[in-house]
$ cat coords_29.cif   # mmCIF, C-alpha atoms and all ligand atoms
data_target
loop_
_atom_site.label_atom_id
_atom_site.label_comp_id
_atom_site.auth_asym_id
_atom_site.auth_seq_id
_atom_site.Cartn_x
_atom_site.Cartn_y
_atom_site.Cartn_z
CA MET Z 152 108.32 98.51 110.18
CA HIS Z 153 109.87 101.87 109.49
CA ALA Z 154 108.03 104.34 107.26
CA TRP Z 155 109.80 106.90 105.06
CA PRO Z 156 111.23 110.37 105.70
CA ALA Z 157 108.86 113.32 105.99
CA SER Z 158 109.19 116.33 103.72
CA GLU Z 159 108.86 119.73 105.38
CA VAL Z 160 105.41 121.33 105.36
CA PRO Z 161 105.91 125.11 105.26
CA ALA Z 162 103.64 127.24 107.48
CA LEU Z 163 101.31 129.60 105.61
CA PRO Z 164 99.89 132.99 106.45
CA GLY Z 165 96.17 133.16 107.30
CA GLN Z 166 93.71 130.52 108.45
CA GLY Z 167 93.22 126.96 107.25
CA ARG Z 168 89.71 125.72 106.41
CA ASP Z 169 87.77 122.79 107.85
CA LEU Z 170 87.55 119.88 105.45
CA ARG Z 171 84.24 118.86 103.90
CA ILE Z 172 84.71 115.35 102.57
CA HIS Z 173 82.54 112.74 100.84
CA ASP Z 174 81.61 109.87 103.14
CA THR Z 175 80.73 106.61 101.40
CA ALA Z 176 78.61 105.42 104.32
CA THR Z 177 76.20 108.35 104.29
CA GLY Z 178 76.66 109.15 100.60
CA GLY Z 179 77.14 112.86 101.22
CA LEU Z 180 79.64 115.47 102.32
CA VAL Z 181 80.53 115.58 106.01
CA THR Z 182 82.47 118.32 107.71
CA SER Z 183 85.37 116.59 109.35
CA ASP Z 184 85.68 117.82 112.90
CA PRO Z 185 88.73 116.19 114.40
CA GLY Z 186 90.10 117.01 117.81
CA PRO Z 187 93.55 118.61 118.14
CA VAL Z 188 94.95 115.34 116.77
CA ALA Z 189 93.16 114.11 113.66
CA ARG Z 190 93.19 110.32 113.26
CA ILE Z 191 93.38 108.61 109.88
CA TYR Z 192 93.93 105.02 108.78
CA VAL Z 193 94.76 104.37 105.13
CA CYS Z 194 95.00 100.86 103.75
CA GLY Z 195 98.50 100.16 102.49
CA ILE Z 196 99.83 98.06 99.64
CA THR Z 197 100.05 94.34 99.18
CA PRO Z 198 103.71 94.35 98.21
CA TYR Z 199 103.98 91.88 95.36
CA ASP Z 200 104.62 94.41 92.62
CA ALA Z 201 105.85 97.99 92.37
CA THR Z 202 103.79 101.10 93.17
CA HIS Z 203 101.66 102.00 90.17
CA ILE Z 204 99.92 105.24 89.29
CA GLY Z 205 96.64 103.96 90.73
CA HIS Z 206 98.22 103.41 94.15
CA ALA Z 207 99.92 106.80 93.94
CA ALA Z 208 96.61 108.51 93.10
CA THR Z 209 94.93 106.97 96.13
CA TYR Z 210 97.77 107.92 98.51
CA ASN Z 211 97.78 111.40 97.01
CA ALA Z 212 94.14 111.86 98.04
CA PHE Z 213 94.86 111.00 101.67
CA ASP Z 214 97.99 113.09 101.67
CA LEU Z 215 95.77 116.05 100.77
CA VAL Z 216 93.42 115.23 103.65
CA GLN Z 217 96.37 115.51 106.00
CA ARG Z 218 97.66 118.72 104.47
CA VAL Z 219 94.26 120.37 104.92
CA TRP Z 220 94.20 119.28 108.57
CA LEU Z 221 97.79 120.43 109.15
CA ASP Z 222 96.86 123.79 107.70
CA THR Z 223 94.24 124.13 110.47
CA LYS Z 224 97.10 123.74 112.96
CA ARG Z 225 96.03 120.27 114.00
CA GLN Z 226 98.38 117.38 114.39
CA VAL Z 227 97.72 114.24 112.38
CA HIS Z 228 97.99 110.69 113.60
CA TYR Z 229 98.29 108.65 110.43
CA VAL Z 230 98.51 104.86 110.41
CA GLN Z 231 99.07 102.64 107.39
CA ASN Z 232 99.52 98.88 107.01
CA VAL Z 233 101.43 96.64 104.62
CA THR Z 234 99.63 93.41 103.72
CA ASP Z 235 102.88 91.48 103.78
CA VAL Z 236 101.25 88.06 103.84
CA ASP Z 237 98.22 87.26 101.69
CA ASP Z 238 97.19 84.93 98.86
CA PRO Z 239 98.19 87.17 95.93
CA LEU Z 240 101.64 87.78 97.43
CA LEU Z 241 102.22 84.07 98.04
CA GLU Z 242 100.97 83.22 94.54
CA ARG Z 243 103.30 85.73 92.90
CA ALA Z 244 106.29 84.50 94.93
CA GLU Z 245 105.46 80.94 93.90
CA ARG Z 246 105.05 81.89 90.23
CA ASP Z 247 108.40 83.72 90.17
CA GLY Z 248 110.21 81.17 92.32
CA VAL Z 249 111.22 83.76 94.92
CA ASP Z 250 110.95 83.80 98.69
CA TRP Z 251 107.72 85.59 99.65
CA THR Z 252 109.37 87.55 102.48
CA ALA Z 253 112.10 88.79 100.16
CA LEU Z 254 109.50 89.81 97.58
CA ALA Z 255 107.49 91.73 100.19
CA GLU Z 256 110.58 93.45 101.56
CA ARG Z 257 111.83 94.47 98.13
CA GLU Z 258 108.51 95.92 96.99
CA THR Z 259 107.89 97.67 100.31
CA ALA Z 260 111.32 99.30 100.07
CA LEU Z 261 110.49 100.51 96.57
CA PHE Z 262 107.13 101.84 97.77
CA ARG Z 263 108.90 103.88 100.45
CA GLU Z 264 111.21 105.38 97.82
CA ASP Z 265 108.26 106.22 95.57
CA MET Z 266 106.32 107.81 98.43
CA THR Z 267 109.36 109.86 99.45
CA ALA Z 268 109.93 111.04 95.88
CA LEU Z 269 106.26 112.04 95.58
CA ARG Z 270 106.44 113.95 98.89
CA MET Z 271 103.68 111.90 100.52
CA LEU Z 272 103.69 112.47 104.26
CA PRO Z 273 104.67 109.28 106.10
CA PRO Z 274 102.44 107.47 108.60
CA ARG Z 275 103.37 107.64 112.27
CA GLN Z 276 102.98 103.86 112.40
CA TYR Z 277 103.69 101.71 109.37
CA ILE Z 278 102.75 98.17 110.34
CA GLY Z 279 103.06 94.87 108.51
CA ALA Z 280 100.42 92.15 108.80
CA VAL Z 281 103.05 89.70 109.99
CA GLU Z 282 104.20 91.91 112.85
CA ALA Z 283 100.54 92.52 113.80
CA ILE Z 284 99.76 88.81 114.29
CA PRO Z 285 100.24 88.94 118.10
CA ASP Z 286 97.59 91.71 118.17
CA ILE Z 287 95.25 89.95 115.77
CA VAL Z 288 95.02 86.61 117.62
CA PRO Z 289 93.38 88.00 120.80
CA LEU Z 290 90.84 89.92 118.69
CA VAL Z 291 89.76 86.74 116.91
CA GLU Z 292 89.58 84.97 120.29
CA ARG Z 293 87.43 87.80 121.61
CA LEU Z 294 85.09 87.65 118.60
CA ARG Z 295 84.75 83.91 119.24
CA GLU Z 296 83.88 84.56 122.90
CA LEU Z 297 81.26 87.03 121.74
CA GLY Z 298 79.67 84.33 119.57
CA ALA Z 299 80.44 86.19 116.35
CA THR Z 300 82.39 83.35 114.70
CA TYR Z 301 82.01 79.80 113.39
CA GLU Z 302 84.40 77.24 111.96
CA ILE Z 303 84.63 75.37 108.70
CA GLU Z 304 87.38 72.72 108.66
CA GLY Z 305 89.47 74.65 111.16
CA ASP Z 306 89.11 78.01 109.38
CA ILE Z 307 87.44 80.63 111.54
CA TYR Z 308 84.78 82.81 109.94
CA PHE Z 309 83.13 86.01 111.05
CA SER Z 310 79.35 86.02 110.99
CA VAL Z 311 78.16 89.30 109.51
CA GLU Z 312 74.80 88.79 111.25
CA SER Z 313 76.55 89.58 114.53
CA ASP Z 314 76.80 93.28 113.60
CA PRO Z 315 73.46 95.12 113.53
CA HIS Z 316 75.17 97.83 111.47
CA PHE Z 317 76.52 95.45 108.83
CA GLY Z 318 75.98 96.92 105.36
CA GLN Z 319 76.07 100.54 106.42
CA VAL Z 320 79.43 101.36 104.83
CA SER Z 321 78.72 100.15 101.29
CA ASN Z 322 74.88 100.16 101.37
CA LEU Z 323 74.87 97.34 98.80
CA ASP Z 324 72.21 94.65 98.41
CA ALA Z 325 72.97 90.99 99.05
CA ALA Z 326 73.45 90.10 95.37
CA ALA Z 327 75.98 92.87 94.79
CA MET Z 328 77.83 91.94 97.96
CA ARG Z 329 78.05 88.33 96.90
CA LEU Z 330 79.46 89.26 93.50
CA LEU Z 331 82.11 91.57 94.96
CA SER Z 332 83.01 89.07 97.64
CA ALA Z 333 83.82 86.49 94.92
CA GLU Z 334 85.87 89.05 92.97
CA ARG Z 335 87.81 90.40 95.92
CA GLY Z 336 89.24 87.56 97.94
CA GLY Z 337 86.08 86.07 99.49
CA ASP Z 338 84.73 82.53 99.09
CA PRO Z 339 80.92 82.86 98.83
CA ASP Z 340 80.46 79.38 97.39
CA ARG Z 341 82.24 77.45 100.11
CA PRO Z 342 79.87 74.89 101.62
CA GLY Z 343 79.01 75.45 105.27
CA LYS Z 344 78.90 79.25 105.17
CA LYS Z 345 76.09 80.89 107.12
CA ASN Z 346 76.09 83.96 104.92
CA PRO Z 347 77.99 83.62 101.62
CA VAL Z 348 79.91 86.85 102.26
CA ASP Z 349 81.12 85.93 105.78
CA PRO Z 350 84.88 86.58 105.69
CA MET Z 351 87.67 84.51 107.16
CA LEU Z 352 89.26 85.78 110.36
CA TRP Z 353 91.85 83.05 110.77
CA MET Z 354 92.92 80.53 108.16
CA ALA Z 355 94.15 77.21 109.50
CA ALA Z 356 97.70 76.34 108.38
CA ARG Z 357 97.92 74.96 104.82
CA GLU Z 358 100.59 72.59 103.58
CA GLY Z 359 103.44 74.55 101.99
CA GLU Z 360 102.18 77.96 103.15
CA PRO Z 361 103.54 80.11 105.97
CA SER Z 362 101.72 79.87 109.31
CA TRP Z 363 102.05 81.27 112.81
CA ASP Z 364 101.17 80.13 116.29
CA GLY Z 365 97.65 81.38 116.92
CA GLY Z 366 97.33 80.23 120.55
CA SER Z 367 93.86 78.77 121.04
CA LEU Z 368 93.13 79.36 117.34
CA GLY Z 369 95.75 76.84 116.29
CA ARG Z 370 98.46 77.45 113.69
CA GLY Z 371 97.43 79.59 110.79
CA ARG Z 372 97.40 83.09 109.38
CA PRO Z 373 95.09 86.06 109.69
CA GLY Z 374 92.33 87.09 107.32
CA TRP Z 375 92.69 90.35 105.47
CA HIS Z 376 90.05 92.55 107.15
CA ILE Z 377 90.97 91.73 110.75
CA GLU Z 378 94.56 92.72 109.93
CA CYS Z 379 93.60 96.34 109.26
CA VAL Z 380 91.17 96.43 112.18
CA ALA Z 381 93.76 95.19 114.65
CA ILE Z 382 96.26 97.80 113.49
CA ALA Z 383 93.72 100.63 113.43
CA LEU Z 384 92.25 99.86 116.87
CA ASP Z 385 95.66 99.34 118.40
CA HIS Z 386 96.98 102.74 117.35
CA LEU Z 387 93.92 104.93 116.75
CA GLY Z 388 91.08 103.40 118.77
CA MET Z 389 87.40 103.56 117.76
CA GLY Z 390 85.68 106.53 116.17
CA PHE Z 391 88.71 107.77 114.24
CA ASP Z 392 88.21 110.50 111.68
CA VAL Z 393 88.89 108.89 108.30
CA GLN Z 394 89.16 105.34 107.02
CA GLY Z 395 90.70 105.61 103.58
CA GLY Z 396 91.45 103.57 100.49
CA GLY Z 397 90.52 103.14 96.85
CA SER Z 398 86.90 102.49 95.87
CA ASP Z 399 87.71 98.81 95.31
CA LEU Z 400 88.02 98.53 99.11
CA VAL Z 401 84.47 99.69 99.93
CA PHE Z 402 83.22 96.12 99.84
CA PRO Z 403 84.14 93.75 101.32
CA HIS Z 404 87.23 95.21 102.98
CA HIS Z 405 85.95 98.35 104.71
CA GLU Z 406 82.48 96.94 105.31
CA MET Z 407 83.90 93.88 107.06
CA GLY Z 408 86.54 95.84 108.92
CA ALA Z 409 83.90 98.18 110.34
CA SER Z 410 81.76 95.21 111.42
CA HIS Z 411 84.70 93.45 113.10
CA ALA Z 412 85.54 96.60 115.05
CA GLN Z 413 81.93 97.39 115.95
CA VAL Z 414 81.27 93.89 117.31
CA LEU Z 415 84.59 93.88 119.20
CA THR Z 416 83.99 97.19 120.93
CA GLY Z 417 80.20 97.50 120.97
CA GLU Z 418 80.69 101.01 119.62
CA PHE Z 419 79.50 102.57 116.36
CA PRO Z 420 80.83 103.75 113.98
CA MET Z 421 84.42 102.64 113.59
CA ALA Z 422 85.25 105.73 111.52
CA LYS Z 423 83.51 109.09 111.22
CA ALA Z 424 84.04 109.09 107.45
CA TYR Z 425 84.81 106.35 104.94
CA VAL Z 426 86.63 108.03 102.12
CA HIS Z 427 87.33 106.36 98.79
CA ALA Z 428 89.42 107.35 95.82
CA GLY Z 429 88.41 106.54 92.24
CA MET Z 430 90.19 103.99 90.10
CA VAL Z 431 92.90 104.87 87.61
CA ALA Z 432 92.75 102.95 84.35
CA LEU Z 433 95.23 102.22 81.59
CA HIS Z 434 94.02 101.29 78.08
CA GLY Z 435 90.43 101.32 79.22
CA GLU Z 436 90.79 98.96 82.18
CA LYS Z 437 91.45 99.49 85.88
CA MET Z 438 95.19 99.45 86.50
CA SER Z 439 95.76 96.32 88.54
CA LYS Z 440 98.58 94.06 89.53
CA SER Z 441 96.54 91.02 88.63
CA LYS Z 442 95.89 92.26 85.07
CA GLY Z 443 99.39 93.67 84.65
CA ASN Z 444 98.32 96.88 82.82
CA LEU Z 445 100.55 99.05 84.94
CA VAL Z 446 102.52 102.27 84.84
CA PHE Z 447 105.02 102.16 87.69
CA VAL Z 448 106.07 105.27 89.57
CA SER Z 449 109.61 103.91 89.85
CA ARG Z 450 109.76 103.30 86.10
CA LEU Z 451 108.73 106.86 85.32
CA ARG Z 452 111.33 108.13 87.78
CA ARG Z 453 114.00 105.97 86.18
CA ASP Z 454 113.01 107.37 82.80
CA GLY Z 455 113.82 110.82 84.17
CA VAL Z 456 110.30 112.08 84.86
CA ASP Z 457 110.31 114.63 87.69
CA PRO Z 458 108.26 113.25 90.62
CA ALA Z 459 106.70 116.71 90.97
CA ALA Z 460 105.27 116.27 87.45
CA ILE Z 461 103.85 112.85 88.42
CA ARG Z 462 102.23 114.47 91.42
CA LEU Z 463 100.77 117.27 89.30
CA ALA Z 464 99.35 114.65 86.93
CA LEU Z 465 97.56 113.02 89.88
CA LEU Z 466 96.35 116.35 91.21
CA ALA Z 467 94.83 117.25 87.83
CA HIS Z 468 92.08 114.68 88.53
CA HIS Z 469 89.47 114.86 91.25
CA TYR Z 470 90.21 112.09 93.73
CA ARG Z 471 86.73 110.58 93.46
CA ALA Z 472 86.77 110.38 89.67
CA ASP Z 473 87.74 107.27 87.77
CA TRP Z 474 90.22 108.38 85.15
CA GLU Z 475 92.61 107.12 82.53
CA TRP Z 476 96.39 107.52 82.55
CA THR Z 477 97.76 108.56 79.15
CA ASP Z 478 101.00 110.07 77.85
CA GLN Z 479 99.08 113.30 77.35
CA VAL Z 480 98.17 113.46 81.07
CA LEU Z 481 101.87 113.31 81.92
CA GLN Z 482 102.84 115.74 79.16
CA ASP Z 483 100.31 118.30 80.41
CA ALA Z 484 101.70 117.96 83.93
CA VAL Z 485 105.29 118.47 82.73
CA THR Z 486 104.22 121.61 80.86
CA ARG Z 487 102.36 122.94 83.91
CA LEU Z 488 105.31 122.27 86.20
CA ASP Z 489 107.69 124.18 83.87
CA HIS Z 490 105.22 127.02 83.74
CA TRP Z 491 104.82 127.23 87.52
CA ARG Z 492 108.56 126.97 88.16
CA ALA Z 493 109.22 129.82 85.75
CA ALA Z 494 106.56 131.89 87.53
CA VAL Z 495 107.90 131.46 91.06
CA SER Z 496 111.45 132.19 89.94
CA ARG Z 497 110.49 135.70 88.75
CA PRO Z 498 111.34 138.49 91.22
CA ASP Z 499 107.75 139.63 91.79
CA GLY Z 500 104.11 139.07 90.86
CA PRO Z 501 100.54 139.93 91.76
CA PRO Z 502 99.68 139.57 95.47
CA ALA Z 503 99.30 135.92 96.44
CA GLU Z 504 97.00 136.07 99.51
CA ALA Z 505 93.81 135.61 97.47
CA LEU Z 506 95.39 132.64 95.68
CA VAL Z 507 96.27 130.94 98.97
CA GLU Z 508 92.64 131.34 100.04
CA GLU Z 509 91.43 129.90 96.73
CA ILE Z 510 93.64 126.83 97.09
CA ARG Z 511 92.44 126.39 100.67
CA GLU Z 512 88.79 126.70 99.67
CA ALA Z 513 89.19 124.28 96.74
CA LEU Z 514 90.81 121.59 98.90
CA ALA Z 515 88.39 122.07 101.79
CA ASN Z 516 85.59 121.45 99.29
CA ASP Z 517 85.99 117.66 99.04
CA LEU Z 518 89.63 117.93 97.97
CA ASP Z 519 89.00 119.69 94.67
CA ALA Z 520 92.62 119.62 93.54
CA PRO Z 521 91.82 120.41 89.88
CA ALA Z 522 90.21 123.69 91.06
CA ALA Z 523 93.34 124.42 93.12
CA LEU Z 524 95.55 123.86 90.07
CA ALA Z 525 93.33 126.13 87.99
CA ALA Z 526 93.70 128.88 90.60
CA VAL Z 527 97.51 128.64 90.47
CA ASP Z 528 97.35 128.65 86.66
CA ARG Z 529 95.34 131.89 86.78
CA TRP Z 530 97.89 133.54 89.07
CA THR Z 531 100.74 132.63 86.71
CA VAL Z 532 98.83 133.96 83.69
CA LEU Z 533 98.08 137.20 85.52
CA GLN Z 534 101.75 137.49 86.40
CA GLU Z 535 102.77 136.99 82.77
CA GLU Z 536 100.19 139.39 81.40
CA SER Z 537 100.16 142.21 83.89
CA GLY Z 538 103.29 141.66 85.95
CA GLY Z 539 102.97 142.76 89.56
CA THR Z 540 105.08 144.42 92.16
CA ASP Z 541 104.73 142.15 95.18
CA THR Z 542 108.23 140.83 95.75
CA GLY Z 543 107.01 138.39 98.40
CA ALA Z 544 104.34 136.81 96.19
CA PRO Z 545 106.38 134.20 94.29
CA GLY Z 546 107.68 132.84 97.60
CA VAL Z 547 104.19 132.67 99.09
CA VAL Z 548 102.91 130.79 96.01
CA SER Z 549 105.81 128.38 96.17
CA ARG Z 550 105.21 127.67 99.89
CA ALA Z 551 101.47 127.26 99.42
CA VAL Z 552 101.91 124.82 96.53
CA ASP Z 553 104.36 122.86 98.67
CA ALA Z 554 102.34 122.89 101.91
CA LEU Z 555 98.89 122.25 100.46
CA LEU Z 556 99.60 120.25 97.30
CA GLY Z 557 102.89 118.54 98.13
CA VAL Z 558 104.61 119.90 95.04
CA ALA Z 559 108.10 121.35 95.42
CA LEU Z 560 108.67 124.08 92.85
N1 LIG C 601 96.72 95.74 101.04
C1 LIG C 601 95.39 96.01 100.61
C2 LIG C 601 94.69 97.02 101.50
S1 LIG C 601 94.73 96.56 103.19
C3 LIG C 601 95.37 96.50 99.17
O1 LIG C 601 94.29 96.74 98.65
N2 LIG C 601 96.55 96.61 98.56
S2 LIG C 601 96.73 97.06 97.03
O2 LIG C 601 98.16 97.08 96.82
O3 LIG C 601 95.96 96.23 96.18
O4 LIG C 601 96.16 98.50 96.91
C4 LIG C 601 96.70 99.57 97.67
C5 LIG C 601 95.78 100.79 97.58
O5 LIG C 601 95.75 101.25 96.22
C6 LIG C 601 94.32 100.47 97.94
O6 LIG C 601 93.76 101.58 98.64
C7 LIG C 601 93.63 100.33 96.61
O7 LIG C 601 92.27 100.67 96.69
C8 LIG C 601 94.40 101.32 95.76
N3 LIG C 601 94.38 100.99 94.33
C9 LIG C 601 94.68 99.80 93.74
N4 LIG C 601 94.54 99.87 92.41
C10 LIG C 601 94.14 101.15 92.13
C11 LIG C 601 93.83 101.86 90.92
N5 LIG C 601 93.90 101.29 89.72
N6 LIG C 601 93.47 103.16 91.02
C12 LIG C 601 93.40 103.77 92.24
N7 LIG C 601 93.69 103.15 93.40
C13 LIG C 601 94.05 101.86 93.36
ZN ZN C 602 93.19 97.47 104.59
#

$ encode --input "coords_29.cif" --output "structure tokens" --more "lines below"
Ligand code: 5CA
Ligand code: ZN
Amino acid sequence: MHAWPASEVPALPGQGRDLRIHDTATGGLVTSDPGPVARIYVCGITPYDATHIGHAATYNAFDLVQRVWLDTKRQVHYVQNVTDVDDPLLERAERDGVDWTALAERETALFREDMTALRMLPPRQYIGAVEAIPDIVPLVERLRELGATYEIEGDIYFSVESDPHFGQVSNLDAAAMRLLSAERGGDPDRPGKKNPVDPMLWMAAREGEPSWDGGSLGRGRPGWHIECVAIALDHLGMGFDVQGGGSDLVFPHHEMGASHAQVLTGEFPMAKAYVHAGMVALHGEKMSKSKGNLVFVSRLRRDGVDPAAIRLALLAHHYRADWEWTDQVLQDAVTRLDHWRAAVSRPDGPPAEALVEEIREALANDLDAPAALAAVDRWTVLQEESGGTDTGAPGVVSRAVDALLGVAL
């Protein structure tokens, strides 16, 4: 699949900072220490509905990770998937009487437009589950050879017992795992399971549902976790720097994915850091396609909201926080954007070097975007109150806000 166009990332004076980021697996901050090419995999959308603010907030977090790395003069190898075949997508297509491929294509196209408008840097590879099937089948065959699988009525399951490190991403107990498995696409109560949370690797073809030739696996379609693992291993290999997604992916998705990869390769860990963004709520509940309490990025854009204001609204919240979208959040962002634009269009201001360092330090400290915004606010207030004579400063501020925060002033 093709991704979306990249926006320019201006070069900045001075030195970028190494990123300290919260790792779910160890529960603390780790200093990310990528090679000259940092490697990141971020779980993509299941395209059965339009991009909502929750999605945008999660992708904003990982866009910041990349901007911090780019600022240290590293390259970034970013891979993202599209879950373009899965139960919720098929169910929505059925409910609405539309072709599931057309639904997936339409919503993926809209996602690309939203990401472009929000100035999210595109992945180098943007891969659909369907196009990854030829890569997934041999991995499931390999797991079977390794004795890590079993079958129930033709469906192939992964045995979590086969990974000695299973549980080390989420660190949850068995009861919590079982509960989350039931909530998030698993089938803990199916008779015949060795461990209730064992996930499906390959689902035998069902009447009336799409299926593909799986070679020795028979006709069917891939499970959800092996999809991301196949794509990540294919393009990034083991031991990549960041596995990213929202906190609702910690278990089972990222736990299972890590186990699949670790059993397949015999290496540990799959990723050096597992990074998770908090959940955005609307009216007191997590924004989710299944509940339908959504604010769509495309809808806001159609209503004339500047995408830069949407981005500032996301940035006003720490990525790990759970927070609530309200009209006030957007209004505050619109006001801030006006304020900043007025500031950088003045002919001069106070020197901007210290501000650039403050933004860098805030982001390097576990992506503290709210602290970065506060630093820019302070510079604009200083400019209003005491003026300044540095004619280069407004340009430097504008470039720093663009390069490090993805906001075009
Ligand atoms: N296709 C899978 C990942 S392989 C998936 O979870 N798709 S999704 O469309 O449901 O979500 C896409 C991304 O948005 C995931 O990282 C998910 O954790 C994140 N996300 C979903 N809802 C919210 C929310 N309310 N707030 C923040 N992030 C969210
Ligand atoms: Zn995923």

$ closest_residue --input "coords_29.cif" --among "Z:Gly557, Z:Gly374, Z:Gly395, Z:Gly248" --to "Thr267 (chain Z)" --atoms "only C-alpha atoms"
Z:Gly557

$ residues_near_ligand --input "coords_29.cif" --ligand "ligand LIG 601 (chain C)" --cutoff "8 Å" --atoms "all atoms listed in the file" --output "ChimeraX atom specification"
/Z:193-199,202-210,232-235,375-376,378-379,395-400,404,427-432,437-440,473

$ residues_around --input "coords_29.cif" --residues "region 448-453 of chain Z" --least-positions-apart "6" --cutoff "12 Å" --atoms "all atoms listed in the file" --output "list in words"
Asp200, Ala201, Thr202, His203, Ile204, Gly205, His206, Ala207, Ala208, Glu258, Ala260, Leu261, Phe262, Arg263, Glu264, Asp265, Met266, Thr267, Ala268, Leu269, Ala459, Ala460, Ile461, Arg462, Ala464, Leu465, Asp478 and Leu481 of chain Z

$ write_last_selection --input "coords_29.cif" --atoms "C-alpha atoms" --output "compact mmCIF listing (two decimals), in the frame of the given file"
# COMPACT_ATOMS: atom_id res chain seq x y z
CA ASP Z 200 104.62 94.41 92.62
CA ALA Z 201 105.85 97.99 92.37
CA THR Z 202 103.79 101.10 93.17
CA HIS Z 203 101.66 102.00 90.17
CA ILE Z 204 99.92 105.24 89.29
CA GLY Z 205 96.64 103.96 90.73
CA HIS Z 206 98.22 103.41 94.15
CA ALA Z 207 99.92 106.80 93.94
CA ALA Z 208 96.61 108.51 93.10
CA GLU Z 258 108.51 95.92 96.99
CA ALA Z 260 111.32 99.30 100.07
CA LEU Z 261 110.49 100.51 96.57
CA PHE Z 262 107.13 101.84 97.77
CA ARG Z 263 108.90 103.88 100.45
CA GLU Z 264 111.21 105.38 97.82
CA ASP Z 265 108.26 106.22 95.57
CA MET Z 266 106.32 107.81 98.43
CA THR Z 267 109.36 109.86 99.45
CA ALA Z 268 109.93 111.04 95.88
CA LEU Z 269 106.26 112.04 95.58
CA ALA Z 459 106.70 116.71 90.97
CA ALA Z 460 105.27 116.27 87.45
CA ILE Z 461 103.85 112.85 88.42
CA ARG Z 462 102.23 114.47 91.42
CA ALA Z 464 99.35 114.65 86.93
CA LEU Z 465 97.56 113.02 89.88
CA ASP Z 478 101.00 110.07 77.85
CA LEU Z 481 101.87 113.31 81.92

$ residues_around --input "coords_29.cif" --residues "Lys345 (chain Z)" --least-positions-apart "2" --cutoff "10 Å" --atoms "all atoms listed in the file" --output "compact mmCIF listing (two decimals) with C-alpha atoms, keeping the file's coordinate frame"
# COMPACT_ATOMS: atom_id res chain seq x y z
CA TYR Z 301 82.01 79.80 113.39
CA TYR Z 308 84.78 82.81 109.94
CA PHE Z 309 83.13 86.01 111.05
CA SER Z 310 79.35 86.02 110.99
CA VAL Z 311 78.16 89.30 109.51
CA GLU Z 312 74.80 88.79 111.25
CA PRO Z 339 80.92 82.86 98.83
CA ARG Z 341 82.24 77.45 100.11
CA PRO Z 342 79.87 74.89 101.62
CA GLY Z 343 79.01 75.45 105.27
CA PRO Z 347 77.99 83.62 101.62
CA VAL Z 348 79.91 86.85 102.26
CA ASP Z 349 81.12 85.93 105.78

$ residues_around --input "coords_29.cif" --residues "Gly417 (chain Z)" --least-positions-apart "5" --cutoff "12 Å" --atoms "all atoms listed in the file" --output "PyMOL selection string"
chain Z and resi 294+297+313-316+389-390+409-412

$ write_last_selection --input "coords_29.cif" --atoms "C-alpha atoms" --output "PDB file, in the frame of the given file"
ATOM      1  CA  LEU Z 294      85.090  87.650 118.600  1.00  0.00           C
ATOM      2  CA  LEU Z 297      81.260  87.030 121.740  1.00  0.00           C
ATOM      3  CA  SER Z 313      76.550  89.580 114.530  1.00  0.00           C
ATOM      4  CA  ASP Z 314      76.800  93.280 113.600  1.00  0.00           C
ATOM      5  CA  PRO Z 315      73.460  95.120 113.530  1.00  0.00           C
ATOM      6  CA  HIS Z 316      75.170  97.830 111.470  1.00  0.00           C
ATOM      7  CA  MET Z 389      87.400 103.560 117.760  1.00  0.00           C
ATOM      8  CA  GLY Z 390      85.680 106.530 116.170  1.00  0.00           C
ATOM      9  CA  ALA Z 409      83.900  98.180 110.340  1.00  0.00           C
ATOM     10  CA  SER Z 410      81.760  95.210 111.420  1.00  0.00           C
ATOM     11  CA  HIS Z 411      84.700  93.450 113.100  1.00  0.00           C
ATOM     12  CA  ALA Z 412      85.540  96.600 115.050  1.00  0.00           C
TER      13      ALA Z 412
END
